[in-house]
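Colleague: Provided herewith: protein.cif, mmCIF, C-alpha atoms.
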```cif
data_target
#
loop_
_atom_site.label_atom_id
_atom_site.label_comp_id
_atom_site.auth_asym_id
_atom_site.auth_seq_id
_atom_site.Cartn_x
_atom_site.Cartn_y
_atom_site.Cartn_z
CA MET A 1 -17.20 -11.70 1.58
CA ASP A 2 -14.54 -13.82 3.18
CA SER A 3 -11.94 -11.80 5.11
CA LEU A 4 -9.05 -13.58 3.35
CA LEU A 5 -10.51 -12.73 -0.03
CA ILE A 6 -10.92 -9.06 0.91
CA LEU A 7 -7.33 -8.80 2.14
CA GLY A 8 -6.11 -10.71 -0.88
CA LEU A 9 -7.76 -8.15 -3.13
CA VAL A 10 -6.49 -5.20 -1.08
CA ALA A 11 -2.90 -6.49 -1.26
CA GLY A 12 -2.87 -8.53 -4.47
CA LEU A 13 -4.56 -6.21 -6.94
CA PRO A 14 -2.33 -3.18 -6.25
CA LEU A 15 0.75 -5.45 -6.32
CA ALA A 16 -0.23 -6.99 -9.65
CA LEU A 17 -0.93 -3.56 -11.15
CA ALA A 18 2.33 -2.13 -9.79
CA ILE A 19 4.31 -4.96 -11.38
CA LEU A 20 2.33 -4.84 -14.62
CA PHE A 21 2.74 -1.07 -14.96
CA ARG A 22 6.36 -1.12 -13.67
CA VAL A 23 5.85 1.25 -10.75
CA SER A 24 8.80 2.03 -8.51
CA ALA A 25 8.55 0.43 -5.07
CA VAL A 26 9.58 3.78 -3.57
CA PHE A 27 6.55 5.55 -5.07
CA PHE A 28 4.30 2.62 -4.24
CA PHE A 29 5.36 2.48 -0.59
CA LEU A 30 5.16 6.26 -0.21
CA SER A 31 1.56 6.20 -1.47
CA ILE A 32 0.71 3.47 1.06
CA VAL A 33 2.15 5.53 3.93
CA VAL A 34 0.40 8.71 2.75
CA GLY A 35 -2.87 6.81 2.38
CA ASN A 36 -2.53 5.43 5.88
CA LEU A 37 -1.92 8.90 7.32
CA LEU A 38 -4.91 10.29 5.43
CA ALA A 39 -7.16 7.46 6.59
CA LYS A 40 -6.00 7.76 10.18
CA HIS A 41 -6.22 11.54 10.50
CA PHE A 42 -8.97 12.50 8.06
CA GLY A 43 -11.12 9.36 7.87
CA TYR A 44 -13.74 10.58 10.33
CA ASP A 45 -13.99 14.03 8.74
CA PHE A 46 -14.26 12.49 5.29
CA SER A 47 -17.05 10.16 6.45
CA VAL A 48 -18.97 13.17 7.83
CA VAL A 49 -18.69 14.92 4.46
CA ILE A 50 -19.75 11.78 2.59
CA GLY A 51 -22.57 11.30 5.11
CA SER A 52 -24.09 14.60 4.08
CA PHE A 53 -24.56 13.18 0.54
CA MET A 54 -25.36 9.55 1.18
CA HIS A 55 -26.58 7.48 4.09
CA ASN A 56 -24.84 4.21 4.81
CA ASN A 57 -23.96 2.51 8.07
CA GLN A 58 -20.48 1.66 6.72
CA LEU A 59 -19.34 5.22 5.90
CA ASP A 60 -16.36 4.99 8.25
CA VAL A 61 -15.17 1.85 6.44
CA ILE A 62 -15.78 3.34 2.99
CA SER A 63 -14.00 6.59 3.83
CA GLY A 64 -11.08 4.89 5.59
CA LEU A 65 -10.45 2.37 2.82
CA GLY A 66 -11.02 5.01 0.17
CA LEU A 67 -8.45 7.32 1.71
CA GLN A 68 -6.03 4.41 2.14
CA LEU A 69 -6.36 3.09 -1.41
CA LEU A 70 -6.88 6.29 -3.43
CA PRO A 71 -3.22 7.43 -3.24
CA VAL A 72 -2.12 3.90 -4.16
CA GLY A 73 -4.38 3.77 -7.19
CA LEU A 74 -3.39 7.23 -8.35
CA THR A 75 0.30 6.44 -7.89
CA VAL A 76 0.05 3.24 -9.91
CA PHE A 77 -1.70 5.14 -12.70
CA LEU A 78 0.39 8.32 -12.66
CA THR A 79 3.84 6.75 -12.20
CA ARG A 80 3.41 3.83 -14.59
CA LYS A 81 6.56 2.88 -16.47
CA SER A 82 8.76 4.60 -13.87
CA LEU A 83 11.00 1.53 -14.11
CA THR A 84 12.59 -0.22 -17.04
CA THR A 85 11.79 -3.87 -17.56
CA SER A 86 15.18 -4.85 -16.15
CA GLN A 87 14.73 -2.69 -13.02
CA ILE A 88 11.40 -4.23 -12.06
CA MET A 89 13.19 -7.42 -10.95
CA LEU A 90 15.08 -5.43 -8.28
CA HIS A 91 11.80 -3.96 -7.05
CA LEU A 92 9.84 -7.23 -6.77
CA VAL A 93 10.71 -7.96 -3.13
CA PRO A 94 10.12 -4.37 -1.92
CA LEU A 95 6.86 -4.22 -3.90
CA THR A 96 5.70 -7.50 -2.36
CA LEU A 97 6.62 -6.37 1.16
CA ALA A 98 4.94 -2.99 0.59
CA SER A 99 1.80 -4.71 -0.65
CA SER A 100 1.82 -6.93 2.44
CA ALA A 101 2.17 -3.80 4.57
CA LEU A 102 -0.82 -2.33 2.73
CA ALA A 103 -2.94 -5.32 3.73
CA ILE A 104 -1.79 -5.07 7.34
CA LEU A 105 -2.50 -1.32 7.47
CA ALA A 106 -5.89 -1.74 5.78
CA LEU A 107 -7.05 -4.49 8.13
CA PRO A 108 -8.08 -2.16 11.00
CA LEU A 109 -10.04 -0.06 8.48
CA LEU A 110 -12.29 -3.01 7.61
CA PRO A 111 -15.44 -3.71 9.63
CA LYS A 112 -14.57 -5.13 13.05
CA GLY A 113 -16.29 -8.42 12.25
CA VAL A 114 -14.06 -8.92 9.22
CA GLU A 115 -10.94 -8.06 11.21
CA GLY A 116 -11.92 -10.44 14.01
CA THR A 117 -12.77 -13.21 11.56
CA PHE A 118 -9.41 -12.82 9.84
CA TYR A 119 -7.46 -13.16 13.08
CA THR A 120 -9.34 -16.35 13.99
CA THR A 121 -8.17 -18.06 10.78
CA SER A 122 -4.91 -20.02 10.80
CA ILE A 123 -3.29 -17.50 8.44
CA GLY A 124 -4.45 -14.57 10.55
CA ALA A 125 -3.07 -16.17 13.70
CA GLN A 126 0.32 -16.55 11.99
CA ILE A 127 0.36 -13.02 10.58
CA ARG A 128 -0.62 -11.13 13.73
CA PRO A 129 2.70 -11.65 15.58
CA VAL A 130 4.79 -10.59 12.57
CA GLU A 131 2.83 -7.52 11.43
CA ASP A 132 5.43 -5.09 12.77
CA LEU A 133 8.23 -7.10 11.20
CA VAL A 134 6.56 -7.01 7.76
CA ILE A 135 6.05 -3.24 7.95
CA GLY A 136 9.65 -2.78 9.12
CA LEU A 137 11.04 -4.97 6.35
CA ALA A 138 8.98 -3.10 3.76
CA SER A 139 10.30 0.21 5.08
CA VAL A 140 13.93 -0.88 5.11
CA SER A 141 13.76 -2.54 1.69
CA VAL A 142 12.42 0.66 0.17
CA LEU A 143 15.09 2.70 1.93
CA PHE A 144 17.75 0.41 0.46
CA LEU A 145 16.37 1.18 -2.98
CA VAL A 146 16.59 4.90 -2.27
CA TRP A 147 20.10 4.69 -0.84
CA PHE A 148 21.80 2.24 -3.18
CA MET A 149 20.01 2.29 -6.52
CA PRO A 150 21.13 4.70 -9.24
CA HIS A 151 18.69 7.51 -9.89
CA SER A 152 17.75 8.74 -13.33
CA GLY A 153 18.88 12.28 -12.47
CA SER A 154 22.25 11.12 -11.17
CA ARG A 155 25.22 12.87 -12.73
CA HIS A 156 28.02 10.76 -11.28
CA GLY A 157 30.82 10.25 -13.73
CA LYS A 158 29.62 12.86 -16.19
CA LYS A 159 31.69 15.91 -16.98
CA ASP A 160 30.40 19.23 -18.17
CA HIS A 161 32.16 20.50 -21.27
#
```
Do you think you could lay out the structure here as structure tokens?
Modeller:
Amino acid sequence: MDSLLILGLVAGLPLALAILFRVSAVFFFLSIVVGNLLAKHFGYDFSVVIGSFMHNNQLDVISGLGLQLLPVGLTVFLTRKSLTTSQIMLHLVPLTLASSALAILALPLLPKGVEGTFYTTSIGAQIRPVEDLVIGLASVSVLFLVWFMPHSGSRHGKKDH
């Protein structure tokens, strides 16, 4: 498969599902970060466990991507409709940035040939220098949602009688 197509699926499919199911960008981004931590710190151990059941020369890729994407998939499914239809518009930019961060974080988990091929394309050469910026913008945009958006449990302006 073409490296651009793989990354497009890794970033585009979760983004489309998050928008379709109206998932909060805060939950979406948190699941991406958790998935990245799981893949980074438990990927090898998970591939050893999977290796005891099946034999494949790509177990490290399967386990890393699985641990990266499983929390995202579960979050999209379990937190669907966490936003109203009017709120989803405010979450579009953070969701798009978070999905771009997902692609950037998933790239090192792909086979080295795919990663190398991606960076030799014109798009890959343009993305490589701004990877940190995209992850930073995704992080800050989600923090702005947390800091400045009203929360459903907020009791500001309500009096107890």
Colleague: Between A:Tyr44, A:Ala39, A:Leu97, A:Asn57, single out the one closest to A:Ala25, counting all atoms listed in the file.
Modeller: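 Using all atoms listed in the file, the shortest distance to A:Ala25 belongs to A:Leu97.
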Colleague: Quick check, in Å to one decimal: how far apart do atom CA of A:Ala16 and atom CA of A:Leu92 lie?
Modeller: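 A separation of 10.5 Å between them.
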Colleague: Do you know which residues are at most 12 Å from A:Met149 counting only C-alpha atoms, after dropping those on the same chain fewer than 3 positions away, and could you put them as a PDB file with C-alpha atoms, in the coordinates of the input?
Modeller:
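Contents of selection_32.pdb, as written:
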```
ATOM      1  CA  SER A  24       8.800   2.030  -8.510  1.00  0.00           C
ATOM      2  CA  ALA A  25       8.550   0.430  -5.070  1.00  0.00           C
ATOM      3  CA  VAL A  26       9.580   3.780  -3.570  1.00  0.00           C
ATOM      4  CA  LEU A  83      11.000   1.530 -14.110  1.00  0.00           C
ATOM      5  CA  GLN A  87      14.730  -2.690 -13.020  1.00  0.00           C
ATOM      6  CA  LEU A  90      15.080  -5.430  -8.280  1.00  0.00           C
ATOM      7  CA  HIS A  91      11.800  -3.960  -7.050  1.00  0.00           C
ATOM      8  CA  SER A 141      13.760  -2.540   1.690  1.00  0.00           C
ATOM      9  CA  VAL A 142      12.420   0.660   0.170  1.00  0.00           C
ATOM     10  CA  LEU A 143      15.090   2.700   1.930  1.00  0.00           C
ATOM     11  CA  PHE A 144      17.750   0.410   0.460  1.00  0.00           C
ATOM     12  CA  LEU A 145      16.370   1.180  -2.980  1.00  0.00           C
ATOM     13  CA  VAL A 146      16.590   4.900  -2.270  1.00  0.00           C
ATOM     14  CA  SER A 152      17.750   8.740 -13.330  1.00  0.00           C
ATOM     15  CA  GLY A 153      18.880  12.280 -12.470  1.00  0.00           C
ATOM     16  CA  SER A 154      22.250  11.120 -11.170  1.00  0.00           C
TER      17      SER A 154
END
```
Colleague: Using the chain letters and residue numbers of this document, give as a count of residues only the residues selected by the PyMOL selection byres ((chain A and resi 99) around 9).
Modeller: 19
Colleague: Kindly give the distance, in Å, that separates atom CA of A:Leu9 and atom CA of A:Val48, rounded to a single decimal.
Modeller: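 Pair atom CA of A:Leu9 / atom CA of A:Val48 returns 26.5 Å.
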Colleague: How far is it from atom CA of A:Leu5 to atom CA of A:Val114, in Å with one decimal?
Modeller: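 Atom CA of A:Leu5 sits 10.6 Å away from atom CA of A:Val114.
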Colleague: Of the residues A:Arg80, A:Asp45, A:Leu107, A:Met89, which is the one nearest to A:Gln68, using all atoms listed in the file?
Modeller: A:Leu107
Colleague: Compile the contact shell of A:Phe21 as a ChimeraX atom specification: residues with an atom at most 8 Å away, counting all atoms listed in the file, same-chain residues fewer than 5 positions apart removed.
Modeller: /A:76-77,80-81
Colleague: Just so the selection is clear, what residues does the PyMOL selection byres ((chain A and resi 2) around 9) cover here, as number ranges by chain?
Modeller: A: 1, 3-7, 114, 117-118
Colleague: Any chance you could export the current selection's C-alpha atoms as an mmCIF file, keeping the file's coordinate frame?
Modeller:
```cif
data_model
loop_
_atom_site.group_PDB
_atom_site.id
_atom_site.type_symbol
_atom_site.label_atom_id
_atom_site.label_comp_id
_atom_site.auth_asym_id
_atom_site.auth_seq_id
_atom_site.Cartn_x
_atom_site.Cartn_y
_atom_site.Cartn_z
ATOM 1 C CA MET A 1 -17.200 -11.700 1.580
ATOM 2 C CA SER A 3 -11.940 -11.800 5.110
ATOM 3 C CA LEU A 4 -9.050 -13.580 3.350
ATOM 4 C CA LEU A 5 -10.510 -12.730 -0.030
ATOM 5 C CA ILE A 6 -10.920 -9.060 0.910
ATOM 6 C CA LEU A 7 -7.330 -8.800 2.140
ATOM 7 C CA VAL A 114 -14.060 -8.920 9.220
ATOM 8 C CA THR A 117 -12.770 -13.210 11.560
ATOM 9 C CA PHE A 118 -9.410 -12.820 9.840
#
```
Colleague: Here is a test: counting all atoms listed in the file, which residue of A:Ile88, A:Phe53, A:Leu109, A:Leu59 is nearest to A:Asn36?
Modeller: A:Leu109
Colleague: From the list A:Leu67, A:Leu105, A:His55, A:Gln126, which residue is nearest A:Gly43 when using only C-alpha atoms?
Modeller: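 The closest residue to A:Gly43 is A:Leu67.
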Colleague: Applying 10 Å and only C-alpha atoms, which residues near A:Leu70 remain after dropping the ones on its own chain fewer than 3 positions away? List them as a list of chain:residue names.
Modeller: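 Returned residues: A:Ser31, A:Ile32, A:Val34, A:Gly35, A:Leu38, A:Leu65, A:Gly66, A:Leu67, A:Gly73, A:Leu74, A:Thr75, A:Val76.
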Colleague: Take the residues just selected and output them with C-alpha atoms as a PDB file, in the coordinates of the input.
Modeller:
```pdb
ATOM      1  CA  SER A  31       1.560   6.200  -1.470  1.00  0.00           C
ATOM      2  CA  ILE A  32       0.710   3.470   1.060  1.00  0.00           C
ATOM      3  CA  VAL A  34       0.400   8.710   2.750  1.00  0.00           C
ATOM      4  CA  GLY A  35      -2.870   6.810   2.380  1.00  0.00           C
ATOM      5  CA  LEU A  38      -4.910  10.290   5.430  1.00  0.00           C
ATOM      6  CA  LEU A  65     -10.450   2.370   2.820  1.00  0.00           C
ATOM      7  CA  GLY A  66     -11.020   5.010   0.170  1.00  0.00           C
ATOM      8  CA  LEU A  67      -8.450   7.320   1.710  1.00  0.00           C
ATOM      9  CA  GLY A  73      -4.380   3.770  -7.190  1.00  0.00           C
ATOM     10  CA  LEU A  74      -3.390   7.230  -8.350  1.00  0.00           C
ATOM     11  CA  THR A  75       0.300   6.440  -7.890  1.00  0.00           C
ATOM     12  CA  VAL A  76       0.050   3.240  -9.910  1.00  0.00           C
TER      13      VAL A  76
END
```
Colleague: Taking into account only C-alpha atoms, which residue in the set A:Leu37, A:Val130, A:Val140, A:Ile50 is nearest to A:Ala106?
Modeller: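 Of A:Leu37, A:Val130, A:Val140, A:Ile50, the one nearest A:Ala106 is A:Leu37, counting only C-alpha atoms.
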Colleague: Restricting the calculation to all atoms listed in the file, which member of A:Leu137, A:Arg128, A:Asn56, A:Arg22 is positioned closest to A:Glu115?
Modeller: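 Nearest to A:Glu115: A:Arg128.
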Colleague: Please fill the gaps in stretch 126-143 of chain A so it has N, CA and C atoms, and write that as a short mmCIF file (atom, residue, chain, number, x, y, z; two decimals), in the frame of the given file.
Modeller:
```
data_model
loop_
_atom_site.label_atom_id
_atom_site.label_comp_id
_atom_site.auth_asym_id
_atom_site.auth_seq_id
_atom_site.Cartn_x
_atom_site.Cartn_y
_atom_site.Cartn_z
N GLN A 126 -1.11 -16.57 12.30
CA GLN A 126 0.32 -16.55 11.99
C GLN A 126 0.81 -15.15 11.64
N ILE A 127 -0.04 -14.35 11.03
CA ILE A 127 0.36 -13.02 10.58
C ILE A 127 0.40 -12.02 11.73
N ARG A 128 -0.52 -12.12 12.64
CA ARG A 128 -0.62 -11.13 13.73
C ARG A 128 0.70 -10.88 14.46
N PRO A 129 1.45 -11.91 14.85
CA PRO A 129 2.70 -11.65 15.58
C PRO A 129 3.81 -11.02 14.74
N VAL A 130 3.71 -11.11 13.41
CA VAL A 130 4.79 -10.59 12.57
C VAL A 130 4.39 -9.33 11.79
N GLU A 131 3.27 -8.72 12.14
CA GLU A 131 2.83 -7.52 11.43
C GLU A 131 3.89 -6.41 11.47
N ASP A 132 4.42 -6.14 12.65
CA ASP A 132 5.43 -5.09 12.77
C ASP A 132 6.68 -5.42 11.97
N LEU A 133 7.05 -6.67 11.96
CA LEU A 133 8.23 -7.10 11.20
C LEU A 133 8.02 -6.87 9.71
N VAL A 134 6.85 -7.20 9.19
CA VAL A 134 6.56 -7.01 7.76
C VAL A 134 6.62 -5.53 7.40
N ILE A 135 6.02 -4.68 8.22
CA ILE A 135 6.05 -3.24 7.95
C ILE A 135 7.48 -2.72 8.03
N GLY A 136 8.25 -3.19 9.01
CA GLY A 136 9.65 -2.78 9.12
C GLY A 136 10.48 -3.23 7.94
N LEU A 137 10.31 -4.47 7.51
CA LEU A 137 11.04 -4.97 6.35
C LEU A 137 10.68 -4.21 5.08
N ALA A 138 9.40 -3.89 4.92
CA ALA A 138 8.98 -3.10 3.76
C ALA A 138 9.66 -1.74 3.78
N SER A 139 9.68 -1.11 4.94
CA SER A 139 10.30 0.21 5.08
C SER A 139 11.78 0.17 4.75
N VAL A 140 12.49 -0.79 5.32
CA VAL A 140 13.93 -0.88 5.11
C VAL A 140 14.26 -1.26 3.67
N SER A 141 13.47 -2.15 3.08
CA SER A 141 13.76 -2.54 1.69
C SER A 141 13.58 -1.36 0.74
N VAL A 142 12.61 -0.52 1.01
CA VAL A 142 12.42 0.66 0.17
C VAL A 142 13.54 1.67 0.41
N LEU A 143 13.96 1.81 1.65
CA LEU A 143 15.09 2.70 1.93
C LEU A 143 16.37 2.23 1.23
#
```
